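Peer 1: Mind looking over this structure? Questions follow.
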Amino acid sequence: MDTQTRRLTTSAQVWNGGQVFEAQKLEMPELAAGEAVVAIDLATICGSDIHTVTGRRAGPSPSILGHEAVGRIVAVGPGGVRDFLGKELLPGDRVIWSVTVSCGSCDRCTAGRTAKCRSLLKTGHEPLGGPWGLSGGYASHIHLPHGITVVSVPDRVSDAAAAPAACATATVMAVLEAGGDVRGQRVLVSGAGMLGIVACAVAAHRDAASVEARDLNPERLELAREFGATSTRLATEPATSSSHDVAVELSGSQPAVLAALESLAIGGRLVLAGSVAPGPNVALDPERVVRSLLSLTGVHNYEPRHLQLAMDFLADTQRTHDWDSLVATPRPMTEIGSLMQQPQGRILRSSLAHHRS
Ligand SMILES: [Zn+2]
Ligand SMILES: [Zn+2]
């Protein structure tokens, strides 16, 4: 395929720190083996990008943010590029791609923890002047480097359903894997944002005996019920103690972590995934952990298989769940600055589309 003779450009919304975005036209690098260029069709705005822009989380600038997106292959480097299942990708194929890019050969990668690769790169987190400048989804095109996981998007999965998969949905797959088999188990989902809503749906789909959702926001609890929660509880109400076999904590709030720990029954398993910013310590009663045979695990990001599992899950449930309803109608990329705030009510993601002329 002739991909090297024409030089591709991208129209990007470059983040310059603070709330400042600047439209820039940038040239794509010449593609090396295993690399690809994708035209972005839709990018959703993850809460972590909002934290970066509002200063709650550090990020390099200038850079192109955006790690939840879906698009179509435009060009591939020499030797071609394959998706996670081994299918050769051709121009026009719809794809999503992982948040992490790993070397595949360091001790952590070979131990199966590629998300913690010693030379890890992260989608939408790399400096513009660095080795992977065009790493973000808030642009007309993205450069996919060697070592990123690419997953094909079936036609029946919409752009709005597919875009958040690379962060929220895939992370939930890793979280629930860490929580173990939920069939017949009483599951607690703490935090009913995008991850929590997906977690309710996955736990219900995998035949959990019950799924309780907890959140401060009643609208989100209503949403949790629609997506599979069998009961809901406002996070301001007292937690039920010793009533859950598996608890997944996705909010990162200290009282919620404590309540989730408190809620574990004998043999209970707690997976922490929401605590991604510094916060106050949580007091742990080690005797209770011992006598109640509790397990506690942390999950951050995910492995390549989880991205494929996320897409398979969305494809399996696109008729039973209205995934599109969680994502706002796309706005032009030029409005990015005004969209860097948490959407209200039942909308969990703002979204951006590149308007082609
Ligand atoms: Zn994210
Ligand atoms: Zn590595």
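Naming works like this for the structure tokens: A, B, ... for the chains as they're shown, residue 1 at the start of each chain, ligands 1 onward in shown order.
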Taking only C-alpha atoms and all ligand atoms into account, report as a VMD selection string which residues have an atom no farther than 7 Å from an atom of ligand 1.
Peer 2: chain A and resid 46 to 49 67 to 68 167 to 168
Peer 1: Write out as a PyMOL selection string each polymer residue whose atoms come within 8 Å of region 29-43 of chain A, counting only C-alpha atoms; drop sequence neighbours fewer than 3 positions from it.
Peer 2: chain A and resi 4+7+66-81+137-147+159-160+163+330+351-354
Peer 1: Could you write out that same residue set with N, CA and C atoms as a compact mmCIF listing (two decimals), in the first residue's frame?
Peer 2:
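Written file, again32.txt:
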# COMPACT_ATOMS: atom_id res chain seq x y z
N GLN A 4 3.50 6.12 2.06
CA GLN A 4 4.63 6.97 2.43
C GLN A 4 4.85 8.17 1.50
N ARG A 7 2.26 13.07 2.50
CA ARG A 7 2.46 13.41 3.90
C ARG A 7 1.12 13.85 4.49
N GLY A 66 -6.83 13.64 25.09
CA GLY A 66 -7.86 12.79 24.49
C GLY A 66 -7.43 11.35 24.36
N HIS A 67 -8.01 10.47 25.21
CA HIS A 67 -7.65 9.05 25.14
C HIS A 67 -8.87 8.15 24.99
N GLU A 68 -10.03 8.76 24.67
CA GLU A 68 -11.23 7.97 24.37
C GLU A 68 -11.71 8.43 23.00
N ALA A 69 -11.49 7.62 21.99
CA ALA A 69 -11.88 8.04 20.64
C ALA A 69 -12.09 6.82 19.75
N VAL A 70 -12.76 7.07 18.63
CA VAL A 70 -12.97 6.02 17.63
C VAL A 70 -12.73 6.66 16.27
N GLY A 71 -12.20 5.89 15.34
CA GLY A 71 -11.96 6.47 14.02
C GLY A 71 -11.71 5.39 12.99
N ARG A 72 -11.23 5.82 11.81
CA ARG A 72 -11.00 4.91 10.69
C ARG A 72 -9.54 4.96 10.27
N ILE A 73 -8.99 3.80 9.99
CA ILE A 73 -7.61 3.70 9.51
C ILE A 73 -7.47 4.48 8.20
N VAL A 74 -6.44 5.31 8.14
CA VAL A 74 -6.16 6.07 6.93
C VAL A 74 -4.89 5.54 6.25
N ALA A 75 -3.90 5.19 7.04
CA ALA A 75 -2.64 4.72 6.48
C ALA A 75 -1.97 3.79 7.50
N VAL A 76 -1.19 2.84 6.98
CA VAL A 76 -0.42 1.96 7.87
C VAL A 76 1.04 1.94 7.42
N GLY A 77 1.92 1.69 8.36
CA GLY A 77 3.35 1.65 8.05
C GLY A 77 3.74 0.38 7.33
N PRO A 78 5.01 0.27 6.95
CA PRO A 78 5.49 -0.90 6.22
C PRO A 78 5.22 -2.19 6.99
N GLY A 79 4.73 -3.19 6.28
CA GLY A 79 4.46 -4.48 6.92
C GLY A 79 3.05 -4.60 7.46
N GLY A 80 2.31 -3.48 7.46
CA GLY A 80 0.92 -3.53 7.89
C GLY A 80 0.75 -3.53 9.39
N VAL A 81 -0.49 -3.42 9.83
CA VAL A 81 -0.83 -3.39 11.25
C VAL A 81 -2.01 -4.33 11.45
N GLY A 137 -6.55 12.33 21.00
CA GLY A 137 -7.76 12.19 20.18
C GLY A 137 -8.47 13.49 19.86
N TYR A 138 -8.03 14.60 20.47
CA TYR A 138 -8.70 15.86 20.18
C TYR A 138 -8.05 16.50 18.94
N ALA A 139 -8.24 15.82 17.82
CA ALA A 139 -7.57 16.18 16.57
C ALA A 139 -8.31 15.48 15.43
N SER A 140 -8.01 15.88 14.20
CA SER A 140 -8.64 15.20 13.07
C SER A 140 -8.03 13.82 12.86
N HIS A 141 -6.74 13.67 13.20
CA HIS A 141 -6.05 12.39 13.02
C HIS A 141 -5.13 12.12 14.20
N ILE A 142 -4.92 10.85 14.46
CA ILE A 142 -3.97 10.45 15.51
C ILE A 142 -2.94 9.50 14.90
N HIS A 143 -1.73 9.56 15.42
CA HIS A 143 -0.65 8.68 15.02
C HIS A 143 -0.59 7.53 16.02
N LEU A 144 -0.80 6.31 15.57
CA LEU A 144 -0.75 5.15 16.48
C LEU A 144 0.63 4.50 16.38
N PRO A 145 1.39 4.48 17.47
CA PRO A 145 2.74 3.90 17.42
C PRO A 145 2.72 2.38 17.56
N HIS A 146 3.86 1.78 17.26
CA HIS A 146 4.06 0.35 17.50
C HIS A 146 3.88 0.09 19.00
N GLY A 147 3.20 -0.98 19.37
CA GLY A 147 3.04 -1.31 20.78
C GLY A 147 1.70 -0.88 21.36
N ASP A 159 -20.42 4.99 17.24
CA ASP A 159 -19.25 5.77 17.66
C ASP A 159 -19.36 6.17 19.13
N ALA A 160 -20.56 6.57 19.55
CA ALA A 160 -20.74 7.03 20.93
C ALA A 160 -20.51 5.90 21.93
N ALA A 163 -16.32 4.99 21.62
CA ALA A 163 -15.25 5.90 22.05
C ALA A 163 -14.83 5.72 23.51
N PRO A 330 -22.33 15.25 19.64
CA PRO A 330 -20.99 15.79 19.40
C PRO A 330 -20.98 17.28 19.06
N SER A 351 -18.81 15.08 23.95
CA SER A 351 -18.07 14.48 22.83
C SER A 351 -17.77 15.52 21.76
N LEU A 352 -16.72 15.23 21.01
CA LEU A 352 -16.21 16.12 19.97
C LEU A 352 -16.10 15.36 18.66
N ALA A 353 -16.49 16.04 17.59
CA ALA A 353 -16.31 15.44 16.26
C ALA A 353 -15.58 16.46 15.39
N HIS A 354 -14.73 15.93 14.54
CA HIS A 354 -14.01 16.82 13.64
C HIS A 354 -14.91 17.08 12.43
Peer 1: Taking only residues of chain A that have an atom at most 10 Å from an atom of ligand 2, what is each one's shortest atom pair and its distance in Å to one decimal, using only C-alpha atoms and all ligand atoms, in chain and number order, as CSV?
Peer 2:
residue,atom,partner,partner_atom_place_in_ligand_line,distance
A:Val101,CA,ligand 2,1 (Zn),8.7
A:Ser102,CA,ligand 2,1 (Zn),5.0
A:Cys103,CA,ligand 2,1 (Zn),4.0
A:Gly104,CA,ligand 2,1 (Zn),4.7
A:Ser105,CA,ligand 2,1 (Zn),5.2
A:Cys106,CA,ligand 2,1 (Zn),4.1
A:Asp107,CA,ligand 2,1 (Zn),6.7
A:Arg108,CA,ligand 2,1 (Zn),5.8
A:Cys109,CA,ligand 2,1 (Zn),4.3
A:Thr110,CA,ligand 2,1 (Zn),7.3
A:Ala111,CA,ligand 2,1 (Zn),9.4
A:Gly112,CA,ligand 2,1 (Zn),9.4
A:Arg113,CA,ligand 2,1 (Zn),8.2
A:Thr114,CA,ligand 2,1 (Zn),5.9
A:Ala115,CA,ligand 2,1 (Zn),8.3
A:Lys116,CA,ligand 2,1 (Zn),7.3
A:Cys117,CA,ligand 2,1 (Zn),3.6
A:Arg118,CA,ligand 2,1 (Zn),5.1
A:Ser119,CA,ligand 2,1 (Zn),5.8
A:Leu120,CA,ligand 2,1 (Zn),6.6
A:Leu121,CA,ligand 2,1 (Zn),9.9
A:Gly147,CA,ligand 2,1 (Zn),9.4
Peer 1: Store the residues of this selection in a file with N, CA and C atoms, as an mmCIF file, in the first residue's frame.
Peer 2:
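Output file again24.cif follows:
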data_model
loop_
_atom_site.group_PDB
_atom_site.id
_atom_site.type_symbol
_atom_site.label_atom_id
_atom_site.label_comp_id
_atom_site.auth_asym_id
_atom_site.auth_seq_id
_atom_site.Cartn_x
_atom_site.Cartn_y
_atom_site.Cartn_z
ATOM 1 N N VAL A 101 0.812 2.291 25.744
ATOM 2 C CA VAL A 101 1.683 1.772 24.683
ATOM 3 C C VAL A 101 2.904 1.214 25.403
ATOM 4 N N SER A 102 3.161 -0.082 25.222
ATOM 5 C CA SER A 102 4.223 -0.719 26.001
ATOM 6 C C SER A 102 5.263 -1.357 25.092
ATOM 7 N N CYS A 103 6.441 -1.633 25.669
ATOM 8 C CA CYS A 103 7.567 -2.132 24.867
ATOM 9 C C CYS A 103 7.444 -3.623 24.576
ATOM 10 N N GLY A 104 6.758 -4.355 25.464
ATOM 11 C CA GLY A 104 6.583 -5.794 25.255
ATOM 12 C C GLY A 104 7.768 -6.637 25.676
ATOM 13 N N SER A 105 8.887 -6.003 26.097
ATOM 14 C CA SER A 105 10.074 -6.814 26.390
ATOM 15 C C SER A 105 10.680 -6.568 27.775
ATOM 16 N N CYS A 106 10.260 -5.564 28.493
ATOM 17 C CA CYS A 106 10.846 -5.322 29.823
ATOM 18 C C CYS A 106 10.300 -6.350 30.831
ATOM 19 N N ASP A 107 10.834 -6.343 32.047
ATOM 20 C CA ASP A 107 10.411 -7.358 33.025
ATOM 21 C C ASP A 107 8.917 -7.253 33.352
ATOM 22 N N ARG A 108 8.403 -6.042 33.405
ATOM 23 C CA ARG A 108 6.976 -5.896 33.735
ATOM 24 C C ARG A 108 6.098 -6.368 32.582
ATOM 25 N N CYS A 109 6.493 -6.012 31.348
ATOM 26 C CA CYS A 109 5.718 -6.466 30.185
ATOM 27 C C CYS A 109 5.716 -7.989 30.106
ATOM 28 N N THR A 110 6.893 -8.590 30.290
ATOM 29 C CA THR A 110 6.950 -10.044 30.155
ATOM 30 C C THR A 110 6.241 -10.744 31.318
ATOM 31 N N ALA A 111 6.059 -10.020 32.432
ATOM 32 C CA ALA A 111 5.300 -10.587 33.556
ATOM 33 C C ALA A 111 3.794 -10.383 33.373
ATOM 34 N N GLY A 112 3.406 -9.783 32.240
ATOM 35 C CA GLY A 112 1.970 -9.619 31.977
ATOM 36 C C GLY A 112 1.394 -8.327 32.510
ATOM 37 N N ARG A 113 2.256 -7.409 32.932
ATOM 38 C CA ARG A 113 1.757 -6.116 33.415
ATOM 39 C C ARG A 113 2.219 -5.009 32.465
ATOM 40 N N THR A 114 1.728 -5.069 31.228
ATOM 41 C CA THR A 114 2.160 -4.108 30.216
ATOM 42 C C THR A 114 1.716 -2.692 30.552
ATOM 43 N N ALA A 115 0.656 -2.563 31.345
ATOM 44 C CA ALA A 115 0.177 -1.223 31.729
ATOM 45 C C ALA A 115 1.188 -0.514 32.626
ATOM 46 N N LYS A 116 2.149 -1.265 33.137
ATOM 47 C CA LYS A 116 3.182 -0.682 33.991
ATOM 48 C C LYS A 116 4.560 -0.841 33.350
ATOM 49 N N CYS A 117 4.588 -0.916 32.019
ATOM 50 C CA CYS A 117 5.844 -1.022 31.251
ATOM 51 C C CYS A 117 6.841 0.039 31.717
ATOM 52 N N ARG A 118 8.118 -0.349 31.723
ATOM 53 C CA ARG A 118 9.152 0.602 32.184
ATOM 54 C C ARG A 118 9.361 1.752 31.207
ATOM 55 N N SER A 119 8.953 1.562 29.943
ATOM 56 C CA SER A 119 9.049 2.704 29.012
ATOM 57 C C SER A 119 7.660 3.034 28.465
ATOM 58 N N LEU A 120 6.704 3.076 29.371
ATOM 59 C CA LEU A 120 5.299 3.279 29.008
ATOM 60 C C LEU A 120 5.061 4.640 28.356
ATOM 61 N N LEU A 121 4.256 4.634 27.292
ATOM 62 C CA LEU A 121 3.718 5.869 26.724
ATOM 63 C C LEU A 121 2.207 5.804 26.904
ATOM 64 N N GLY A 147 3.198 -0.980 19.366
ATOM 65 C CA GLY A 147 3.041 -1.314 20.782
ATOM 66 C C GLY A 147 1.703 -0.884 21.363
#
Peer 1: Do you know which residues are at most 9 Å from Ala277 (chain A) counting only C-alpha atoms, after dropping those on the same chain fewer than 3 positions away, and could you put them as a VMD selection string?
Peer 2: chain A and resid 56 to 57 252 274
Peer 1: With a distance cut-off of 7 Å and only C-alpha atoms, select the neighbouring residues of region 234-248 of chain A, excluding the residue or stretch itself and same-chain residues fewer than 5 positions from it, and output the selection as a list in words.
Peer 2: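 Here the qualifying residues turn out to be Gly179, Gln185, Arg186, Val187, Leu188, Val189, Ser190, Arg214, Asp215, Leu216, Pro218, Ala259, Ala260, Glu262, Ser263, Leu264, Ala265, Gly267, Gly268, Arg269, Leu270, Val271 and Leu272 of chain A.
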Peer 1: Between A:Gln13, A:Ser61, A:Thr169, A:Gln19, single out the one closest to His306 (chain A), counting only C-alpha atoms.
Peer 2: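 Smallest separation from His306 (chain A) among the options: A:Thr169.
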Peer 1: Each residue of region 264-351 of chain A lying at most 10 Å from region 192-206 of chain A should get a row with its shortest atom-to-atom pair and the distance in Å to one decimal, counting only C-alpha atoms; could you produce that, ordered by chain and increasing number, as JSON lines?
Peer 2:
{"residue": "A:Ala273", "atom": "CA", "partner": "A:Leu195", "partner_atom": "CA", "distance": 9.7}
{"residue": "A:Gly274", "atom": "CA", "partner": "A:Leu195", "partner_atom": "CA", "distance": 9.2}
{"residue": "A:Ala310", "atom": "CA", "partner": "A:Val202", "partner_atom": "CA", "distance": 9.6}
{"residue": "A:Phe313", "atom": "CA", "partner": "A:Val202", "partner_atom": "CA", "distance": 7.8}
{"residue": "A:Leu314", "atom": "CA", "partner": "A:Val198", "partner_atom": "CA", "distance": 9.6}
{"residue": "A:Asp316", "atom": "CA", "partner": "A:His205", "partner_atom": "CA", "distance": 9.7}
{"residue": "A:Thr317", "atom": "CA", "partner": "A:His205", "partner_atom": "CA", "distance": 8.6}
{"residue": "A:Thr320", "atom": "CA", "partner": "A:Ala201", "partner_atom": "CA", "distance": 9.9}
{"residue": "A:His321", "atom": "CA", "partner": "A:Ala201", "partner_atom": "CA", "distance": 8.3}
{"residue": "A:Trp323", "atom": "CA", "partner": "A:Val198", "partner_atom": "CA", "distance": 9.3}
{"residue": "A:Leu326", "atom": "CA", "partner": "A:Met194", "partner_atom": "CA", "distance": 8.0}
{"residue": "A:Val327", "atom": "CA", "partner": "A:Met194", "partner_atom": "CA", "distance": 9.8}
{"residue": "A:Arg346", "atom": "CA", "partner": "A:Gly193", "partner_atom": "CA", "distance": 9.5}
{"residue": "A:Ile347", "atom": "CA", "partner": "A:Met194", "partner_atom": "CA", "distance": 9.3}
{"residue": "A:Leu348", "atom": "CA", "partner": "A:Met194", "partner_atom": "CA", "distance": 5.9}
{"residue": "A:Arg349", "atom": "CA", "partner": "A:Met194", "partner_atom": "CA", "distance": 7.9}
Peer 1: Could you pull out the residues in region 7-235 of chain A that DSSP calls strand (DSSP E or B) from the backbone, as a PyMOL selection string?
Peer 2: chain A and resi 9-15+21-27+36-44+63+68-76+82+88+94-101+121-122+127+139+141-144+148-152+186-190+210-215+231-234
Peer 1: Tell me which protein, DNA and RNA residues are within 8 Å of Arg156 (chain A), counting only C-alpha atoms, leaving out same-chain ones fewer than 2 positions away, and put them as a list in words.
Peer 2: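 Residues meeting the cut-off are Pro154, Ser158, Ala315 and Gln318 of chain A.
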Peer 1: Run DSSP on the backbone of this structure and report the residues of region 85-326 of chain A it assigns to alpha helix (DSSP H), as a PyMOL selection string.
Peer 2: chain A and resi 107-110+159-162+168-179+194-205+218-226+254-262+286-291+304-317
Peer 1: Taking into account only C-alpha atoms, which residue in the set A:Thr9, A:Ser295, A:Ser325, A:Ser152 is nearest to Glu226 (chain A)?
Peer 2: A:Ser325
Peer 1: For Val153 (chain A), list every protein, DNA or RNA residue within 8 Å, evaluated using only C-alpha atoms, and leave out those in the same chain fewer than 2 positions away; present the list as a list of chain:residue names.
Peer 2: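 The residues that qualify are A:Arg94, A:Val95, A:Ile96, A:Val151, A:Asp155, A:Val157, A:Ala162, A:Met311.
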Peer 1: Residues of the last selection are to be written out with C-alpha atoms, as a compact mmCIF listing (two decimals), in the first residue's frame.
Peer 2:
# COMPACT_ATOMS: atom_id res chain seq x y z
CA ARG A 94 -13.18 1.35 12.21
CA VAL A 95 -11.01 0.97 15.28
CA ILE A 96 -10.33 1.99 18.86
CA VAL A 151 -9.33 -3.32 18.40
CA ASP A 155 -20.59 -2.01 12.46
CA VAL A 157 -21.45 -0.59 17.71
CA ALA A 162 -17.17 2.76 21.08
CA MET A 311 -15.63 -4.06 22.64
Peer 1: Calculate how many Å separate CA of Val299 (chain A) from CA of Pro280 (chain A), rounding to one decimal.
Peer 2: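 One can read the CA of Val299 (chain A) to CA of Pro280 (chain A) distance as 18.6 Å.
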Peer 1: Counting only C-alpha atoms, which of A:Ala209, A:Val289, A:Leu134, A:Glu249 gets nearest to Ile266 (chain A)?
Peer 2: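 Ranking A:Ala209, A:Val289, A:Leu134, A:Glu249 by distance to Ile266 (chain A), first place goes to A:Val289.
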Peer 1: Mind giving me the straight-line distance from CA of Gln342 (chain A) to CA of Pro255 (chain A) in Å, one decimal?
Peer 2: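 Those two atoms sit 21.3 Å apart.
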